[in-house]
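Enquirer: One structure, as structure tokens, below. Some questions next.
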Protein chains: 2
Amino acid sequence: MTRLDARRLEPLMRAQLDAVGVDAASIDHVVGSLLQTSLRGVDSHGLQLFPHYLRAVKAGRINAAPRLAVDRSGRSTAVLDADHAFGHLAGAAAVDLAGDIALETGVGAVCVRQSTHLGAAAYFALRAAERGLLGFAFTNADALVKAFNGKSAVFGTNPICFTAPLEREEPLCLDMATSLVSWNKVRIRRESDEELEEDWAFDANGEPTVDAHAAAALNPIGGYKGFGLGMMVEVLCGLLAGGPVAHEILPMYGAPIEARRSISHFFMVMDVRRFVDPTQFRSRLQELVDSIRALPHSGEPVQVPGDPEKRAFAERSANGIPAPPALLQALLGVSDAFRGAVLP
Amino acid sequence: MTRLDARRLEPLMRAQLDAVGVDAASIDHVVGSLLQTSLRGVDSHGLQLFPHYLRAVKAGRINAAPRLAVDRSGRSTAVLDADHAFGHLAGAAAVDLAGDIALETGVGAVCVRQSTHLGAAAYFALRAAERGLLGFAFTNADALVKAFNGKSAVFGTNPICFTAPLEREEPLCLDMATSLVSWNKVRIRRESDEELEEDWAFDANGEPTVDAHAAAALNPIGGYKGFGLGMMVEVLCGLLAGGPVAHEILPMYGAPIEARRSISHFFMVMDVRRFVDPTQFRSRLQELVDSIRALPHSGEPVQVPGDPEKRAFAERSANGIPAPPALLQALLGVSDAFRGAVLP
């Protein structure tokens, strides 16, 4: 498979965003997030989003030069109006503010309204952990996960992301959709005409299906539990932000490309040292992580959240980001210059 | 089945706790929690724990007259040393403090160390929601959920509880173990010699089993995701509290009854009005809840988190708490006076 060099991709992506009027701060975070996410192996939220983002900027769904407005509503809280900015910019501003607040008071909680797709939630929560803090990131999304006992989707894949600093390596990072699998996994099976696993998805009548083409809604993790977690995320995002919720949210791909979606996010950051000695915290968490990795296993080794992404990051940083034909085609459709990022 | 009257149980339970020296504040919360929880239909965390708690107080595992110590470590944080109090007392003190802080700064986060079993997490988060606030409650527990890809249990059923106020009814309440089913469901099948469902549990070798007697570890929801959520809860509890984690935690039943367990909890409370108009919040959340309950369904109606508990509460408040023979026997083993709570 073709591999792309992240270092060579960076200036090419920057130039494309600049050409459609995206401001410097947005460019930093969009390119930073997409490359980090592809390097971490999370292809659904990496490079493959780039052509869509460009279209959404050109059409006016995403504001290329937004004016973020912060209402510092309480000593430990803020509401950030994103003015339809790239979610990557709004999210980074919000989580950094939550971190600043956490350093002052112990906890910072920042809700983001009037935003757009933010890419991978990990990008934000990792920023907190890199400061030695605990990070949480949540976002709502358009309806895609079936209501437990219902026939159709209500909430989005509404992810939960949590990070914590470790002693001798990059932070612990859990970044998970509240559905059993992401919609992207269904799409990949659809493209290759393969059947789905039994518990992944439901058809338009709410019946379980293994037909990738018939899949209309995803299965929440643990039945009513995953559905409940998705609802919790919606309360923290759409409800606290006073934005659209559940079916009120326009679909990312189905809606007119110029339509503004008013996605909501929620970030929380906590300062470890307000609870326990941070050196002790890091060394005990590292010890726990090491002990879990050393557990007897059957087949695959036991991992902690974020381990697959760390392995992918090391491998892809050395060998490049794999680009399946469809991705390469899409990037070349944006500009022939992307040929310059292909590794020999 | 025999039914017990909650109003008549209350003075009987109080008298038993008083007789073993439990202080008045602890009695309020232990009795309040166990009765509320049994009325809400959550039998695993209700009345059936009462005889065990009495034994644990007598043996000294639970401190009957603790001195709670609060370290207000930041403007929005505190650490509460529970002095081995009933978790019900320590948790109530902590979540109430977190609520007080949230009213001041927007968010309050309180970690509890040196505590004991706290019963149902919902008891605490509901206290926050009844003040119109958002509540979160977490606790660690002894290892019972199998590590994903591993052969044995690492984390406890480490619950996540979230509450939010509604407009026209009791709060929304999600209270879920991060395992697919609770250990209690396995125990019930074991007692009745019934097989388990296929995805519930694993045997001592980490192999899936439907034999209730062979079950040694539970399945996390969504595989690695539930395992990750359990780890997140452990970070918030055992790691932040500087207490025992994972296998360091003594089992509730297997360990000597006098052994202190140093369970850790974590509570967070947020003030809705720092983010959005609280009247609008409640009415929109109510509308969302109503719309979910009205969804087309297949078989069982669609519910939101806490609906089954609300129905059980109404039914059991009217008709009494069902007491299977083993529970009735255990209560009569504590005192013959419990016969006075049996409904005709």
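By convention in this document, the chains of the structure tokens carry letters A, B, ... by their order, each chain's residues are numbered from 1, and ligands are numbered from 1 in the order they are shown.
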Which residues are near stretch 168-173 of chain A? Cut-off 8 Å, only C-alpha atoms, ignore same chain within fewer than 2 positions. Put them as a PyMOL selection string.
Expert: chain A and resi 122+126+129-130+161-166+175+286+304-306
Enquirer: What residues in stretch 65-198 of chain A get the DSSP label strand (DSSP E)? Please answer as JSON, numbers by chain.
Expert: {"A": [69, 70, 71, 72, 73, 74, 77, 78, 79, 80, 81, 107, 108, 109, 110, 111, 112, 113, 114, 115, 134, 135, 136, 137, 138, 139, 145, 146, 153, 154, 155, 160, 161, 162, 163, 164, 172, 173, 174, 175, 176]}
Enquirer: Which residues of stretch 36-90 of chain B come within 9 Å of stretch 264-284 of chain A, and for each one, what is the closest pair of atoms and their distance in Å to one decimal, counting only C-alpha atoms, sorted by chain and residue number, as CSV?
Expert:
residue,atom,partner,partner_atom,distance
B:Arg72,CA,A:Arg274,CA,8.8
B:Ser73,CA,A:Arg274,CA,5.4
B:Gly74,CA,A:Arg274,CA,6.2
B:Thr77,CA,A:Arg274,CA,6.8
B:Ala78,CA,A:Phe275,CA,7.2
B:Val79,CA,A:Phe275,CA,6.1
Enquirer: Please produce an output containing N, CA and C atoms for each residue in the selection, written as a PDB file, in the first residue's frame.
Expert:
ATOM      1  N   ARG B  72      -9.842  20.918  52.164  1.00  0.00           N
ATOM      2  CA  ARG B  72     -10.323  21.707  51.022  1.00  0.00           C
ATOM      3  C   ARG B  72      -9.100  22.145  50.232  1.00  0.00           C
ATOM      4  N   SER B  73      -8.688  21.280  49.307  1.00  0.00           N
ATOM      5  CA  SER B  73      -7.377  21.390  48.679  1.00  0.00           C
ATOM      6  C   SER B  73      -7.297  22.444  47.587  1.00  0.00           C
ATOM      7  N   GLY B  74      -8.427  22.878  47.071  1.00  0.00           N
ATOM      8  CA  GLY B  74      -8.459  23.899  46.025  1.00  0.00           C
ATOM      9  C   GLY B  74      -9.805  24.570  46.087  1.00  0.00           C
ATOM     10  N   THR B  77     -12.032  21.892  44.783  1.00  0.00           N
ATOM     11  CA  THR B  77     -11.724  20.488  45.098  1.00  0.00           C
ATOM     12  C   THR B  77     -11.612  20.253  46.596  1.00  0.00           C
ATOM     13  N   ALA B  78     -11.779  19.005  46.986  1.00  0.00           N
ATOM     14  CA  ALA B  78     -11.537  18.601  48.360  1.00  0.00           C
ATOM     15  C   ALA B  78     -11.190  17.120  48.387  1.00  0.00           C
ATOM     16  N   VAL B  79     -10.476  16.736  49.435  1.00  0.00           N
ATOM     17  CA  VAL B  79     -10.225  15.325  49.705  1.00  0.00           C
ATOM     18  C   VAL B  79     -10.840  15.024  51.064  1.00  0.00           C
TER      19      VAL B  79
END
Enquirer: Using only C-alpha atoms, determine which residues of chain B fall within 7 Å of chain A; present them as a ChimeraX atom specification.
Expert: /B:73-77,79,105-107,148-151,174,176,180,221-222,225,228,239-242,272,274-276,281,295-298,300-302,305
Enquirer: Output N, CA and C atoms for every residue in the selection just made, as a short mmCIF file (atom, residue, chain, number, x, y, z; two decimals), in the first residue's frame.
Expert:
data_model
loop_
_atom_site.label_atom_id
_atom_site.label_comp_id
_atom_site.auth_asym_id
_atom_site.auth_seq_id
_atom_site.Cartn_x
_atom_site.Cartn_y
_atom_site.Cartn_z
N SER B 73 -8.69 21.28 49.31
CA SER B 73 -7.38 21.39 48.68
C SER B 73 -7.30 22.44 47.59
N GLY B 74 -8.43 22.88 47.07
CA GLY B 74 -8.46 23.90 46.02
C GLY B 74 -9.80 24.57 46.09
N ARG B 75 -9.96 25.62 45.29
CA ARG B 75 -11.23 26.33 45.35
C ARG B 75 -12.38 25.44 44.90
N SER B 76 -12.09 24.50 44.03
CA SER B 76 -13.16 23.63 43.53
C SER B 76 -12.96 22.16 43.88
N THR B 77 -12.03 21.89 44.78
CA THR B 77 -11.72 20.49 45.10
C THR B 77 -11.61 20.25 46.60
N VAL B 79 -10.48 16.74 49.43
CA VAL B 79 -10.23 15.32 49.70
C VAL B 79 -10.84 15.02 51.06
N THR B 105 -18.52 27.86 42.56
CA THR B 105 -17.55 28.02 41.46
C THR B 105 -18.03 27.43 40.13
N GLY B 106 -19.14 26.66 40.16
CA GLY B 106 -19.63 26.01 38.95
C GLY B 106 -19.38 24.52 38.93
N VAL B 107 -18.27 24.07 39.53
CA VAL B 107 -17.93 22.64 39.58
C VAL B 107 -17.28 22.32 40.91
N PHE B 148 -9.56 -7.22 29.20
CA PHE B 148 -9.77 -7.56 27.80
C PHE B 148 -8.51 -8.24 27.28
N ASN B 149 -8.68 -9.42 26.67
CA ASN B 149 -7.58 -10.30 26.21
C ASN B 149 -6.87 -11.03 27.35
N GLY B 150 -7.17 -10.68 28.57
CA GLY B 150 -6.53 -11.35 29.70
C GLY B 150 -7.30 -12.58 30.13
N LYS B 151 -6.82 -13.21 31.20
CA LYS B 151 -7.47 -14.43 31.68
C LYS B 151 -8.18 -14.22 33.00
N LEU B 174 -28.54 7.60 35.44
CA LEU B 174 -27.82 6.44 34.88
C LEU B 174 -26.90 5.92 35.98
N MET B 176 -24.61 2.53 36.37
CA MET B 176 -24.24 1.29 35.68
C MET B 176 -22.86 0.79 36.05
N LEU B 180 -20.92 -6.08 31.83
CA LEU B 180 -22.18 -6.28 31.11
C LEU B 180 -23.31 -6.56 32.09
N ILE B 221 -18.45 -4.29 29.42
CA ILE B 221 -19.28 -3.88 28.28
C ILE B 221 -18.38 -3.47 27.12
N GLY B 222 -18.74 -3.92 25.93
CA GLY B 222 -18.01 -3.49 24.74
C GLY B 222 -16.54 -3.89 24.73
N LYS B 225 -13.58 -1.45 25.63
CA LYS B 225 -14.15 -0.16 26.03
C LYS B 225 -14.58 -0.18 27.50
N GLY B 228 -11.64 -0.21 29.66
CA GLY B 228 -11.07 1.14 29.73
C GLY B 228 -11.87 2.05 30.65
N LEU B 239 -6.47 5.85 42.47
CA LEU B 239 -5.23 6.58 42.18
C LEU B 239 -5.27 7.99 42.76
N LEU B 240 -6.36 8.73 42.55
CA LEU B 240 -6.45 10.10 43.08
C LEU B 240 -6.50 10.10 44.61
N ALA B 241 -7.09 9.04 45.18
CA ALA B 241 -7.20 8.98 46.64
C ALA B 241 -5.92 8.45 47.28
N GLY B 242 -5.01 7.96 46.46
CA GLY B 242 -3.80 7.35 47.03
C GLY B 242 -4.12 6.07 47.79
N VAL B 272 -25.71 23.72 36.51
CA VAL B 272 -26.23 23.92 35.15
C VAL B 272 -26.24 25.40 34.76
N ARG B 274 -24.37 27.78 35.18
CA ARG B 274 -23.12 28.39 34.70
C ARG B 274 -22.93 28.15 33.20
N PHE B 275 -23.80 27.31 32.62
CA PHE B 275 -23.66 26.97 31.20
C PHE B 275 -24.85 27.41 30.37
N VAL B 276 -26.05 27.29 30.94
CA VAL B 276 -27.27 27.55 30.17
C VAL B 276 -28.38 27.88 31.16
N PHE B 281 -32.90 24.28 30.28
CA PHE B 281 -32.22 22.98 30.36
C PHE B 281 -33.20 21.88 30.75
N LEU B 295 -40.76 6.60 21.26
CA LEU B 295 -40.23 6.02 20.02
C LEU B 295 -40.90 4.69 19.69
N PRO B 296 -41.08 4.41 18.38
CA PRO B 296 -41.54 3.07 18.00
C PRO B 296 -40.57 2.03 18.54
N HIS B 297 -41.10 0.91 19.01
CA HIS B 297 -40.22 -0.08 19.61
C HIS B 297 -40.61 -1.48 19.16
N SER B 298 -39.73 -2.41 19.49
CA SER B 298 -39.99 -3.81 19.15
C SER B 298 -40.04 -4.57 20.48
N GLU B 300 -40.32 -4.57 24.12
CA GLU B 300 -40.25 -3.67 25.27
C GLU B 300 -40.25 -2.21 24.83
N PRO B 301 -40.92 -1.33 25.57
CA PRO B 301 -40.87 0.10 25.23
C PRO B 301 -39.47 0.68 25.42
N VAL B 302 -39.19 1.76 24.72
CA VAL B 302 -37.90 2.42 24.87
C VAL B 302 -37.92 3.22 26.18
N PRO B 305 -32.38 6.09 31.01
CA PRO B 305 -31.76 5.58 32.22
C PRO B 305 -32.57 5.95 33.47
#
Enquirer: Figure out the distance between atom CA of B:Pro51 and atom CA of B:Ala85, please, to one decimal in Å.
Expert: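 If I compute the distance from atom CA of B:Ala85 to atom CA of B:Pro51, I get 16.7 Å.
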Enquirer: If you run DSSP on the backbone, which residues of stretch 76-215 of chain B are alpha helix (DSSP H), as a PyMOL selection string?
Expert: chain B and resi 87-105+122-129+183-191
Enquirer: How many Å separate atom CA of B:Ala137 from atom CA of B:Glu167?
Expert: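 Result for atom CA of B:Ala137 versus atom CA of B:Glu167: 21.9 Å, one decimal.
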Enquirer: If I take atom CA of A:Pro308 and atom CA of B:Asp142, how far is one from the other in Å, to one decimal?
Expert: 26.9 Å
Enquirer: Applying 10 Å and only C-alpha atoms, which residues near A:Gly119 remain after dropping the ones on its own chain fewer than 6 positions away? List them as a list in words.
Expert: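 That gives Val30, Ser33, Leu34, Thr37, Ser44, His45, Gly46, Leu47, Leu49, Phe86, Gly87, His88, Gly91 and Thr139 of chain A.
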Enquirer: Residues at most 12 Å from B:His52, counting only C-alpha atoms, excluding those fewer than 6 positions away in the same chain, as a PyMOL selection string?
Expert: chain B and resi 17+45-46+58-59+61-62+117+119+252-253+257-258+327+330-331+333-334
Enquirer: Determine, counting only C-alpha atoms, which protein, DNA and RNA residues have an atom within 8 Å of an atom of stretch 185-195 of chain A; residues of the same chain fewer than 4 positions away are not included. Present the result as a VMD selection string.
Expert: chain A and resid 181 210 to 213 215
